[in-house]
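Student: One file: input25.cif (mmCIF, C-alpha atoms and all ligand atoms).
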data_target
loop_
_atom_site.group_PDB
_atom_site.id
_atom_site.type_symbol
_atom_site.label_atom_id
_atom_site.label_comp_id
_atom_site.auth_asym_id
_atom_site.auth_seq_id
_atom_site.Cartn_x
_atom_site.Cartn_y
_atom_site.Cartn_z
ATOM 1 C CA MET A 629 5.797 17.722 3.251
ATOM 2 C CA SER A 630 7.047 14.132 3.087
ATOM 3 C CA ILE A 631 5.706 13.268 -0.335
ATOM 4 C CA ARG A 632 7.748 14.308 -3.365
ATOM 5 C CA THR A 633 6.177 14.399 -6.800
ATOM 6 C CA GLU A 634 7.945 14.888 -10.092
ATOM 7 C CA THR A 635 7.118 14.034 -13.685
ATOM 8 C CA ILE A 636 10.003 12.816 -15.822
ATOM 9 C CA ASN A 637 9.667 11.434 -19.345
ATOM 10 C CA GLY A 638 5.936 10.632 -19.113
ATOM 11 C CA VAL A 639 6.154 9.040 -15.659
ATOM 12 C CA ALA A 640 4.610 10.801 -12.651
ATOM 13 C CA ARG A 641 6.731 9.766 -9.699
ATOM 14 C CA ILE A 642 5.332 9.801 -6.183
ATOM 15 C CA GLU A 643 8.055 9.312 -3.596
ATOM 16 C CA ILE A 644 7.191 8.549 0.024
ATOM 17 C CA ALA A 645 10.030 10.513 1.622
ATOM 18 C CA ARG A 646 9.996 10.409 5.393
ATOM 19 C CA PRO A 647 12.839 7.955 6.052
ATOM 20 C CA GLU A 648 13.447 9.175 9.607
ATOM 21 C CA LYS A 649 10.036 7.654 10.473
ATOM 22 C CA LYS A 650 10.432 4.707 8.107
ATOM 23 C CA ASN A 651 8.102 6.483 5.657
ATOM 24 C CA ALA A 652 5.112 6.090 8.007
ATOM 25 C CA ILE A 653 2.207 7.819 6.263
ATOM 26 C CA THR A 654 0.192 10.618 7.903
ATOM 27 C CA ALA A 655 -3.195 11.946 6.776
ATOM 28 C CA ALA A 656 -1.442 14.909 5.132
ATOM 29 C CA MET A 657 0.795 12.499 3.189
ATOM 30 C CA TYR A 658 -2.209 10.441 1.998
ATOM 31 C CA GLN A 659 -3.807 13.642 0.779
ATOM 32 C CA ALA A 660 -0.609 14.643 -1.051
ATOM 33 C CA MET A 661 -0.470 11.223 -2.732
ATOM 34 C CA ALA A 662 -4.154 11.454 -3.729
ATOM 35 C CA ASP A 663 -3.454 14.911 -5.185
ATOM 36 C CA GLY A 664 -0.377 13.534 -6.985
ATOM 37 C CA ILE A 665 -2.423 10.812 -8.681
ATOM 38 C CA ALA A 666 -5.174 13.307 -9.611
ATOM 39 C CA ALA A 667 -2.588 15.673 -11.113
ATOM 40 C CA ALA A 668 -1.048 12.784 -13.071
ATOM 41 C CA HIS A 669 -4.486 12.053 -14.503
ATOM 42 C CA ASP A 670 -5.068 15.614 -15.571
ATOM 43 C CA ASP A 671 -1.657 15.823 -17.247
ATOM 44 C CA GLY A 672 -1.987 14.457 -20.786
ATOM 45 C CA SER A 673 1.770 13.940 -21.039
ATOM 46 C CA VAL A 674 1.736 11.391 -18.184
ATOM 47 C CA ARG A 675 1.466 7.788 -19.348
ATOM 48 C CA ALA A 676 2.160 5.995 -16.060
ATOM 49 C CA ILE A 677 2.453 6.636 -12.334
ATOM 50 C CA LEU A 678 5.288 5.287 -10.175
ATOM 51 C CA ILE A 679 5.159 4.951 -6.380
ATOM 52 C CA HIS A 680 8.395 4.344 -4.481
ATOM 53 C CA GLY A 681 10.357 4.956 -1.286
ATOM 54 C CA GLN A 682 14.121 4.779 -0.803
ATOM 55 C CA LYS A 683 16.699 1.961 -1.060
ATOM 56 C CA ASP A 684 16.009 0.587 2.436
ATOM 57 C CA ILE A 685 12.343 1.409 3.052
ATOM 58 C CA PHE A 686 9.065 1.520 1.165
ATOM 59 C CA THR A 687 6.758 2.405 4.066
ATOM 60 C CA ALA A 688 6.019 1.371 7.674
ATOM 61 C CA GLY A 689 2.339 1.907 6.842
ATOM 62 C CA ASN A 690 -0.009 4.230 8.652
ATOM 63 C CA ASP A 691 1.629 6.625 11.070
ATOM 64 C CA LEU A 692 0.391 5.061 14.291
ATOM 65 C CA GLU A 693 0.436 8.288 16.300
ATOM 66 C CA ASP A 694 -1.440 10.222 13.632
ATOM 67 C CA PHE A 695 -3.840 7.286 13.347
ATOM 68 C CA MET A 696 -4.583 7.315 17.082
ATOM 69 C CA ASN A 697 -4.907 11.091 17.307
ATOM 70 C CA ASN A 698 -6.820 11.625 14.041
ATOM 71 C CA PRO A 699 -8.612 8.381 13.159
ATOM 72 C CA PRO A 700 -9.935 8.481 9.575
ATOM 73 C CA ALA A 701 -13.447 9.903 9.716
ATOM 74 C CA GLY A 702 -15.593 8.297 7.025
ATOM 75 C CA MET A 703 -14.982 7.554 3.375
ATOM 76 C CA ASP A 704 -13.864 11.118 2.716
ATOM 77 C CA ALA A 705 -10.744 10.775 4.884
ATOM 78 C CA PRO A 706 -7.390 11.281 3.099
ATOM 79 C CA VAL A 707 -6.490 7.570 3.292
ATOM 80 C CA PHE A 708 -9.697 6.725 1.378
ATOM 81 C CA ARG A 709 -9.081 9.534 -1.095
ATOM 82 C CA PHE A 710 -5.642 8.089 -1.778
ATOM 83 C CA MET A 711 -6.823 4.494 -2.094
ATOM 84 C CA GLN A 712 -9.736 5.565 -4.282
ATOM 85 C CA ALA A 713 -7.427 7.578 -6.527
ATOM 86 C CA LEU A 714 -5.158 4.526 -6.763
ATOM 87 C CA GLY A 715 -7.953 1.995 -7.238
ATOM 88 C CA TYR A 716 -9.729 4.093 -9.866
ATOM 89 C CA SER A 717 -6.583 5.232 -11.647
ATOM 90 C CA GLU A 718 -7.127 4.801 -15.377
ATOM 91 C CA LYS A 719 -3.406 5.143 -15.999
ATOM 92 C CA PRO A 720 -1.128 2.249 -15.076
ATOM 93 C CA VAL A 721 0.516 2.417 -11.656
ATOM 94 C CA VAL A 722 3.925 0.838 -11.060
ATOM 95 C CA ALA A 723 5.411 0.304 -7.580
ATOM 96 C CA ALA A 724 9.089 -0.107 -6.643
ATOM 97 C CA VAL A 725 9.480 -1.657 -3.191
ATOM 98 C CA ASN A 726 12.685 -1.743 -1.160
ATOM 99 C CA GLY A 727 12.770 -2.793 2.498
ATOM 100 C CA ALA A 728 9.621 -2.945 4.612
ATOM 101 C CA ALA A 729 6.137 -2.549 3.148
ATOM 102 C CA VAL A 730 3.913 -2.740 6.222
ATOM 103 C CA GLY A 731 0.120 -2.618 6.388
ATOM 104 C CA ILE A 732 -1.190 -0.288 3.733
ATOM 105 C CA GLY A 733 2.311 -0.517 2.229
ATOM 106 C CA THR A 734 1.382 -4.060 1.180
ATOM 107 C CA THR A 735 -2.345 -3.430 0.674
ATOM 108 C CA MET A 736 -1.720 -0.649 -1.839
ATOM 109 C CA LEU A 737 0.390 -2.981 -3.999
ATOM 110 C CA MET A 738 -2.657 -5.113 -4.693
ATOM 111 C CA HIS A 739 -4.202 -2.059 -6.362
ATOM 112 C CA CYS A 740 -1.078 -1.284 -8.429
ATOM 113 C CA ASP A 741 -0.609 -2.790 -11.886
ATOM 114 C CA LEU A 742 3.081 -3.726 -11.838
ATOM 115 C CA VAL A 743 5.100 -4.340 -8.667
ATOM 116 C CA TYR A 744 8.892 -4.692 -8.573
ATOM 117 C CA CYS A 745 10.674 -5.401 -5.326
ATOM 118 C CA ALA A 746 14.163 -5.727 -3.939
ATOM 119 C CA ASP A 747 15.494 -8.944 -2.459
ATOM 120 C CA ASN A 748 15.536 -7.018 0.870
ATOM 121 C CA ALA A 749 11.791 -6.335 0.678
ATOM 122 C CA MET A 750 9.637 -7.549 3.569
ATOM 123 C CA PHE A 751 5.882 -7.316 3.301
ATOM 124 C CA SER A 752 3.373 -7.618 6.143
ATOM 125 C CA MET A 753 -0.267 -6.985 6.944
ATOM 126 C CA PRO A 754 -0.269 -6.930 10.763
ATOM 127 C CA PHE A 755 -3.820 -5.617 11.108
ATOM 128 C CA VAL A 756 -4.951 -8.356 13.491
ATOM 129 C CA SER A 757 -1.843 -7.900 15.670
ATOM 130 C CA LEU A 758 -2.828 -4.226 15.908
ATOM 131 C CA GLY A 759 -6.381 -5.014 17.030
ATOM 132 C CA LEU A 760 -7.699 -4.052 13.582
ATOM 133 C CA CYS A 761 -8.944 -5.930 10.518
ATOM 134 C CA SER A 762 -8.148 -6.200 6.819
ATOM 135 C CA GLU A 763 -8.638 -3.127 4.617
ATOM 136 C CA PHE A 764 -9.195 -1.981 1.043
ATOM 137 C CA ALA A 765 -10.355 -5.386 -0.138
ATOM 138 C CA SER A 766 -7.293 -7.241 1.107
ATOM 139 C CA SER A 767 -9.722 -9.781 2.630
ATOM 140 C CA LEU A 768 -10.479 -10.808 -0.935
ATOM 141 C CA LEU A 769 -7.401 -9.798 -2.927
ATOM 142 C CA VAL A 770 -4.782 -11.696 -0.883
ATOM 143 C CA ALA A 771 -6.809 -14.905 -1.160
ATOM 144 C CA MET A 772 -7.497 -14.220 -4.848
ATOM 145 C CA ASN A 773 -3.762 -13.970 -5.567
ATOM 146 C CA ALA A 774 -2.349 -16.532 -3.161
ATOM 147 C CA GLY A 775 -5.205 -18.825 -2.107
ATOM 148 C CA TYR A 776 -7.317 -18.785 1.063
ATOM 149 C CA HIS A 777 -5.013 -20.778 3.357
ATOM 150 C CA LYS A 778 -1.971 -18.657 2.534
ATOM 151 C CA ALA A 779 -4.121 -15.545 3.112
ATOM 152 C CA VAL A 780 -5.023 -16.855 6.579
ATOM 153 C CA GLU A 781 -1.319 -17.061 7.498
ATOM 154 C CA LYS A 782 -0.746 -13.523 6.279
ATOM 155 C CA LEU A 783 -3.922 -11.809 7.518
ATOM 156 C CA LEU A 784 -4.942 -13.744 10.642
ATOM 157 C CA LEU A 785 -1.490 -14.763 11.889
ATOM 158 C CA ALA A 786 0.156 -11.677 10.328
ATOM 159 C CA ASP A 787 3.197 -13.673 9.188
ATOM 160 C CA PRO A 788 5.713 -11.483 7.336
ATOM 161 C CA ILE A 789 6.307 -12.161 3.642
ATOM 162 C CA SER A 790 9.779 -12.260 2.124
ATOM 163 C CA ALA A 791 10.415 -11.079 -1.437
ATOM 164 C CA GLU A 792 10.590 -14.684 -2.622
ATOM 165 C CA GLU A 793 7.309 -15.606 -0.932
ATOM 166 C CA ALA A 794 5.675 -12.439 -2.297
ATOM 167 C CA SER A 795 6.646 -13.621 -5.761
ATOM 168 C CA GLU A 796 5.175 -17.078 -5.063
ATOM 169 C CA MET A 797 2.021 -15.374 -3.733
ATOM 170 C CA LYS A 798 1.828 -13.441 -7.023
ATOM 171 C CA ILE A 799 1.791 -10.016 -5.388
ATOM 172 C CA VAL A 800 5.048 -8.915 -7.061
ATOM 173 C CA ASN A 801 6.158 -9.208 -10.681
ATOM 174 C CA ARG A 802 9.898 -9.475 -10.228
ATOM 175 C CA ILE A 803 12.650 -9.418 -7.585
ATOM 176 C CA LEU A 804 15.797 -7.369 -8.219
ATOM 177 C CA PRO A 805 18.909 -6.271 -6.316
ATOM 178 C CA PRO A 806 18.022 -3.264 -4.082
ATOM 179 C CA SER A 807 20.107 -0.806 -6.117
ATOM 180 C CA GLU A 808 18.339 -1.794 -9.369
ATOM 181 C CA VAL A 809 14.650 -1.826 -8.399
ATOM 182 C CA LEU A 810 13.829 1.839 -8.945
ATOM 183 C CA ASP A 811 15.632 2.089 -12.304
ATOM 184 C CA TYR A 812 13.962 -1.089 -13.514
ATOM 185 C CA ALA A 813 10.520 0.140 -12.395
ATOM 186 C CA VAL A 814 11.138 3.463 -14.168
ATOM 187 C CA ARG A 815 12.051 1.652 -17.387
ATOM 188 C CA GLN A 816 8.917 -0.495 -17.175
ATOM 189 C CA ALA A 817 6.768 2.607 -16.534
ATOM 190 C CA GLU A 818 8.400 4.386 -19.503
ATOM 191 C CA ARG A 819 7.361 1.543 -21.805
ATOM 192 C CA PHE A 820 3.825 2.995 -21.681
ATOM 193 C CA ASN A 821 5.168 6.065 -23.557
ATOM 194 C CA LYS A 822 5.372 3.917 -26.691
ATOM 195 C CA LEU A 823 1.856 2.448 -26.386
ATOM 196 C CA PRO A 824 -1.486 3.980 -27.397
ATOM 197 C CA PRO A 825 -2.843 5.393 -24.113
ATOM 198 C CA ALA A 826 -6.528 4.772 -24.873
ATOM 199 C CA SER A 827 -5.838 1.064 -25.486
ATOM 200 C CA VAL A 828 -3.871 0.833 -22.241
ATOM 201 C CA ARG A 829 -6.657 2.547 -20.284
ATOM 202 C CA GLU A 830 -9.440 0.463 -21.804
ATOM 203 C CA THR A 831 -7.622 -2.835 -21.366
ATOM 204 C CA LYS A 832 -6.861 -2.008 -17.739
ATOM 205 C CA ARG A 833 -10.540 -1.142 -17.171
ATOM 206 C CA LEU A 834 -11.695 -4.400 -18.741
ATOM 207 C CA MET A 835 -9.167 -6.475 -16.783
ATOM 208 C CA LYS A 836 -10.430 -5.099 -13.482
ATOM 209 C CA ALA A 837 -14.129 -4.830 -14.355
ATOM 210 C CA SER A 838 -15.152 -8.312 -13.237
ATOM 211 C CA TRP A 839 -14.131 -7.890 -9.596
ATOM 212 C CA LYS A 840 -14.554 -4.108 -9.235
ATOM 213 C CA SER A 841 -18.141 -4.187 -7.958
ATOM 214 C CA ILE A 842 -17.280 -6.935 -5.462
ATOM 215 C CA THR A 843 -14.220 -5.119 -4.116
ATOM 216 C CA GLU A 844 -16.183 -1.868 -3.776
ATOM 217 C CA LYS A 845 -18.664 -3.577 -1.425
ATOM 218 C CA ILE A 846 -15.894 -5.262 0.564
ATOM 219 C CA ILE A 847 -13.998 -1.971 0.965
ATOM 220 C CA VAL A 848 -17.067 -0.301 2.505
ATOM 221 C CA ASP A 849 -17.668 -3.270 4.817
ATOM 222 C CA GLU A 850 -14.008 -3.387 5.906
ATOM 223 C CA ALA A 851 -13.899 0.387 6.427
ATOM 224 C CA LYS A 852 -16.847 0.241 8.839
ATOM 225 C CA SER A 853 -15.199 -2.511 10.908
ATOM 226 C CA PHE A 854 -11.714 -0.959 10.721
ATOM 227 C CA GLY A 855 -13.002 2.463 11.832
ATOM 228 C CA ALA A 856 -14.866 0.946 14.781
ATOM 229 C CA MET A 857 -11.936 -1.275 15.811
ATOM 230 C CA LEU A 858 -9.531 1.650 15.734
ATOM 231 C CA LEU A 859 -11.395 3.141 18.704
ATOM 232 C CA LYS A 860 -11.389 -0.071 20.770
ATOM 233 C CA PRO A 861 -9.055 -0.866 23.689
ATOM 234 C CA GLU A 862 -7.350 -3.705 21.746
ATOM 235 C CA ALA A 863 -5.993 -1.200 19.194
ATOM 236 C CA LYS A 864 -4.990 1.209 21.946
ATOM 237 C CA GLU A 865 -3.037 -1.568 23.665
ATOM 238 C CA ALA A 866 -1.303 -2.534 20.389
ATOM 239 C CA PHE A 867 -0.376 1.037 19.452
ATOM 240 C CA THR A 868 0.822 1.875 22.970
ATOM 241 C CA ALA A 869 2.924 -1.308 23.014
ATOM 242 C CA PHE A 870 4.622 -0.245 19.758
ATOM 243 C CA TYR A 871 5.688 3.072 21.229
ATOM 244 C CA GLU A 872 6.716 1.426 24.508
ATOM 245 C CA ARG A 873 8.737 -1.101 22.457
ATOM 246 C CA ARG A 874 7.064 -4.093 24.109
ATOM 247 C CA THR A 875 4.868 -7.006 23.012
ATOM 248 C CA PRO A 876 1.165 -6.146 23.277
ATOM 249 C CA ASP A 877 -0.835 -8.067 25.895
ATOM 250 C CA PHE A 878 -4.297 -9.074 24.683
ATOM 251 C CA SER A 879 -4.884 -11.576 27.523
ATOM 252 C CA ARG A 880 -7.625 -9.487 29.175
ATOM 253 C CA PHE A 881 -9.786 -9.354 26.045
ATOM 254 C CA SER A 882 -12.430 -11.926 25.151
HETATM 255 N N1 LIG B 901 4.047 5.079 12.692
HETATM 256 C C1 LIG B 901 4.733 6.053 13.322
HETATM 257 N N2 LIG B 901 6.061 6.006 13.528
HETATM 258 C C2 LIG B 901 6.712 4.922 13.065
HETATM 259 C C3 LIG B 901 6.064 3.878 12.394
HETATM 260 C C4 LIG B 901 4.658 3.979 12.211
HETATM 261 N N3 LIG B 901 3.960 3.068 11.554
HETATM 262 N N4 LIG B 901 6.970 2.936 12.051
HETATM 263 C C5 LIG B 901 8.150 3.387 12.495
HETATM 264 N N5 LIG B 901 8.004 4.583 13.110
HETATM 265 C C6 LIG B 901 9.033 5.401 13.731
HETATM 266 C C7 LIG B 901 9.492 4.818 15.071
HETATM 267 O O1 LIG B 901 8.613 5.207 16.111
HETATM 268 C C8 LIG B 901 10.871 5.392 15.170
HETATM 269 O O2 LIG B 901 10.758 6.732 15.598
HETATM 270 P P1 LIG B 901 11.834 7.348 16.662
HETATM 271 O O3 LIG B 901 13.163 7.232 15.964
HETATM 272 O O4 LIG B 901 11.371 8.755 16.840
HETATM 273 O O5 LIG B 901 11.736 6.475 17.897
HETATM 274 C C9 LIG B 901 11.363 5.423 13.739
HETATM 275 O O6 LIG B 901 10.192 5.401 12.920
HETATM 276 C C10 LIG B 901 12.229 4.235 13.370
HETATM 277 O O7 LIG B 901 11.475 3.055 13.620
HETATM 278 P P2 LIG B 901 12.121 1.718 14.222
HETATM 279 O O8 LIG B 901 11.005 0.838 14.683
HETATM 280 O O9 LIG B 901 13.162 2.087 15.229
HETATM 281 O O10 LIG B 901 12.834 1.119 12.915
HETATM 282 P P3 LIG B 901 13.234 -0.406 12.640
HETATM 283 O O11 LIG B 901 14.124 -0.382 11.445
HETATM 284 O O12 LIG B 901 13.710 -1.072 13.875
HETATM 285 O O13 LIG B 901 11.837 -1.132 12.220
HETATM 286 C C11 LIG B 901 9.741 -1.312 11.071
HETATM 287 C C12 LIG B 901 11.161 -0.729 11.048
HETATM 288 C C13 LIG B 901 8.974 -0.726 9.894
HETATM 289 C C14 LIG B 901 9.792 -2.842 10.959
HETATM 290 C C15 LIG B 901 9.073 -0.920 12.432
HETATM 291 O O14 LIG B 901 9.261 0.460 12.639
HETATM 292 C C16 LIG B 901 7.600 -1.218 12.516
HETATM 293 O O15 LIG B 901 7.194 -2.354 12.709
HETATM 294 N N6 LIG B 901 6.766 -0.150 12.431
HETATM 295 C C17 LIG B 901 5.338 -0.244 12.698
HETATM 296 C C18 LIG B 901 4.635 -0.829 11.517
HETATM 297 C C19 LIG B 901 3.145 -0.831 11.737
HETATM 298 O O16 LIG B 901 2.626 -1.446 12.645
HETATM 299 N N7 LIG B 901 2.451 -0.103 10.844
HETATM 300 C C20 LIG B 901 1.040 0.104 10.918
HETATM 301 C C21 LIG B 901 0.320 -0.798 9.988
HETATM 302 S S1 LIG B 901 -1.429 -0.431 9.998
#
Show me the file's structure as structure tokens.
Tutor:
Amino acid sequence: MSIRTETINGVARIEIARPEKKNAITAAMYQAMADGIAAAHDDGSVRAILIHGQKDIFTAGNDLEDFMNNPPAGMDAPVFRFMQALGYSEKPVVAAVNGAAVGIGTTMLMHCDLVYCADNAMFSMPFVSLGLCSEFASSLLVAMNAGYHKAVEKLLLADPISAEEASEMKIVNRILPPSEVLDYAVRQAERFNKLPPASVRETKRLMKASWKSITEKIIVDEAKSFGAMLLKPEAKEAFTAFYERRTPDFSRFS
């Protein structure tokens, strides 16, 4: 299993631990992360959840091979279970990002509550370059944080985002040296140990309430398009090109 979970001092840590594949996430790993969040909820001693990778990688996003061979089937697929567990988490979720955060690696941050990143972090949402479309409400949330025109650069042109730009786009709270990010994120997560948990939960619910119903509709809409596009020849060309280490050729598509 490439997900490690451990609860230390009130913080349920979920580590994406598959560095040999740049922490690319398989269906089994999504399920393990969903289970980790559910367990953190059921454990009264847990006050916050922390998601992290290692010093040089957060995640390369969906495992492309697993994605091609086992495309997510409906809203019950492990990736949806994970994103639902994250999106509906009543307890605060902190993320510590080092290195690349590709695709869902960036999308998931928009559903976390506090995001700390290293100065070596590099975010990207290359869904269009992969013949796919935006996911889990990123069509709205990127524009909501950074403005529509910036969102077009990041979602339509799939421009990568440096740590500094991520801070300007308001998708991270603070940039730190790579060796300090995890410790800092842990300390921030531990601060919830000193706060009344019901107040934290209720304030988080109220803060998200106004856009929750809108994002729920967008997520369903995006999931339908994403699922259909995953089976199209454009995505096949993009995924094959990645494994053949070449630039995809979309010239034959209209
Ligand atoms: N799915 C499956 N395997 C992946 C992967 C992914 N998303 N990302 C990386 N890997 C694998 C590579 O195939 C390679 O495996 P190998 O050693 O067996 O050949 C290994 O991880 C190392 O990847 P590599 O590309 O050599 O590392 P890098 O440091 O040069 O680049 C990234 C790192 C993350 C920038 C690059 O791997 C990348 O762009 N990955 C794809 C990201 C992506 O498109 N994600 C899907 C979003 S929906």
Student: Expand the PyMOL selection byres (((chain A and resi 798-807) around 7) and not hetatm) into the individual residues it matches in the shown file, reporting them as an MDAnalysis selection string.
Tutor: chainID A and resid 683 726 738 742:748 773:774 791 794:797 808:809
Student: Determine the nearest neighbour of A:Val730 from the options A:Glu792, A:Asp787, A:Glu844, A:Glu648, counting all atoms listed in the file.
Tutor: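 Closest to A:Val730 of all the choices is A:Asp787.
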Student: What residues come out when you apply the PyMOL selection byres (((not hetatm)) within 6 of (chain B and resi 901)) to this file, written as a PyMOL selection string?
Tutor: chain A and resi 648-650+652+688-693+728+730-731+755
Student: Got a sec: who's within 12 Å of A:Tyr871, counting only C-alpha atoms, leaving out chain neighbours fewer than 3 positions off, as a PyMOL selection string?
Tutor: chain A and resi 691-693+696+864-868+874-876
Student: Sorted by chain and rising residue number, list the residues of stretch 775-831 of chain A at most 12 Å from stretch 669-672 of chain A (counting only C-alpha atoms), each with its closest atom pair and distance in Å to one decimal, as CSV.
Tutor:
residue,atom,partner,partner_atom,distance
A:Asn821,CA,A:Gly672,CA,11.4
A:Pro825,CA,A:Gly672,CA,9.7
A:Ala826,CA,A:Gly672,CA,11.5
A:Arg829,CA,A:His669,CA,11.3
Student: With the file shown as input, list the residues that the PyMOL selection byres (((chain A and resi 785) around 10) and not hetatm) selects, as a PyMOL selection string.
Tutor: chain A and resi 753-757+779-784+786-788
Student: One decimal, in Å: what's the spacing between atom CA of A:Arg815 and atom CA of A:Met736?
Tutor: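 Going from atom CA of A:Arg815 over to atom CA of A:Met736 covers 20.9 Å.
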Student: Can you measure atom CA of A:Pro699 to atom CA of A:Thr633 for me? One decimal in Å is fine.
Tutor: 25.6 Å
Student: Would you please work out which residue, of A:Ala656, A:Ala662, A:Leu758, A:Met629, is nearest to A:Glu862 when using only C-alpha atoms?
Tutor: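 Under the stated criterion, the closest residue is A:Leu758.
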Student: Provide an axis-aligned box for all listed atoms of stretch 867-872 of chain A, padding each side by 4 Å; report its centre and its edge lengths in Å to one decimal, as JSON.
Tutor:
{"center_x": 3.2, "center_y": 0.9, "center_z": 22.0, "size_x": 15.1, "size_y": 12.4, "size_z": 13.1}
Student: Any idea what the distance is between atom CA of A:Val722 and atom CA of A:Ile685?
Tutor: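 Atom CA of A:Ile685 lies 16.4 Å from atom CA of A:Val722.
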Student: Counting only C-alpha atoms, figure out which residue out of A:Pro861, A:Pro706, A:Pro720, A:Gly727 gets nearest to A:Leu823.
Tutor: A:Pro720
Student: Which residue is closest to A:Glu850? Choose from A:Gly702, A:Gly638, A:Gly664, A:Gly681 and count only C-alpha atoms.
Tutor: A:Gly702
Student: Hey, what's within 9 Å of A:Ile847 if we count only C-alpha atoms and toss same-chain stuff fewer than 2 positions away? As JSON, numbers by chain, please?
Tutor: {"A": [763, 764, 765, 766, 842, 843, 844, 845, 849, 850, 851, 852]}
Student: Using all atoms listed in the file for the distances, tell me which of A:Ala723, A:Gln659, A:Ala668, A:His739 is nearest to A:Phe710.
Tutor: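 The closest residue to A:Phe710 is A:Gln659.
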Student: For A:Met772, which residue out of A:Met750, A:Asp741, A:Leu678, A:Trp839 is the nearest one, using all atoms listed in the file?
Tutor: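 Looking only at the distances to A:Met772, the closest residue turns out to be A:Trp839.
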Student: Can you pull out the residues contacting A:Arg709? Cut-off 9 Å, using all atoms listed in the file, and skip same-chain residues under 5 positions away; I want them as an NGL selection string.
Tutor: :A and (658-659 or 661-663 or 703-704 or 714)
Student: Missing atoms in stretch 851-856 of chain A should be modelled up to all heavy atoms and reported as a tab-separated table (two decimals), in the coordinates of the input.
Tutor:
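Generated output (result22.tsv):
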chain	number	residue	atom	x	y	z
A	851	ALA	N	-14.13	-0.95	5.87
A	851	ALA	CA	-13.90	0.39	6.43
A	851	ALA	C	-14.74	0.61	7.68
A	851	ALA	O	-14.27	1.19	8.66
A	851	ALA	CB	-14.22	1.45	5.39
A	852	LYS	N	-15.98	0.10	7.66
A	852	LYS	CA	-16.85	0.24	8.84
A	852	LYS	C	-16.22	-0.48	10.02
A	852	LYS	O	-16.11	0.07	11.12
A	852	LYS	CB	-18.22	-0.38	8.56
A	852	LYS	CG	-19.16	0.57	7.89
A	852	LYS	CD	-20.57	-0.02	7.89
A	852	LYS	CE	-21.36	0.60	6.75
A	852	LYS	NZ	-22.21	-0.33	6.06
A	853	SER	N	-15.78	-1.72	9.82
A	853	SER	CA	-15.20	-2.51	10.91
A	853	SER	C	-13.89	-1.89	11.36
A	853	SER	O	-13.63	-1.75	12.55
A	853	SER	CB	-14.94	-3.95	10.45
A	853	SER	OG	-16.13	-4.54	10.03
A	854	PHE	N	-13.04	-1.52	10.41
A	854	PHE	CA	-11.71	-0.96	10.72
A	854	PHE	C	-11.87	0.31	11.56
A	854	PHE	O	-11.22	0.48	12.59
A	854	PHE	CB	-11.00	-0.66	9.41
A	854	PHE	CG	-9.51	-0.44	9.52
A	854	PHE	CD1	-8.63	-1.45	9.17
A	854	PHE	CD2	-9.00	0.78	9.94
A	854	PHE	CE1	-7.25	-1.25	9.25
A	854	PHE	CE2	-7.63	0.99	10.03
A	854	PHE	CZ	-6.75	-0.03	9.68
A	855	GLY	N	-12.78	1.19	11.13
A	855	GLY	CA	-13.00	2.46	11.83
A	855	GLY	C	-13.46	2.22	13.26
A	855	GLY	O	-13.00	2.88	14.20
A	856	ALA	N	-14.36	1.24	13.44
A	856	ALA	CA	-14.87	0.95	14.78
A	856	ALA	C	-13.75	0.32	15.63
A	856	ALA	O	-13.59	0.66	16.81
A	856	ALA	CB	-16.06	0.00	14.69
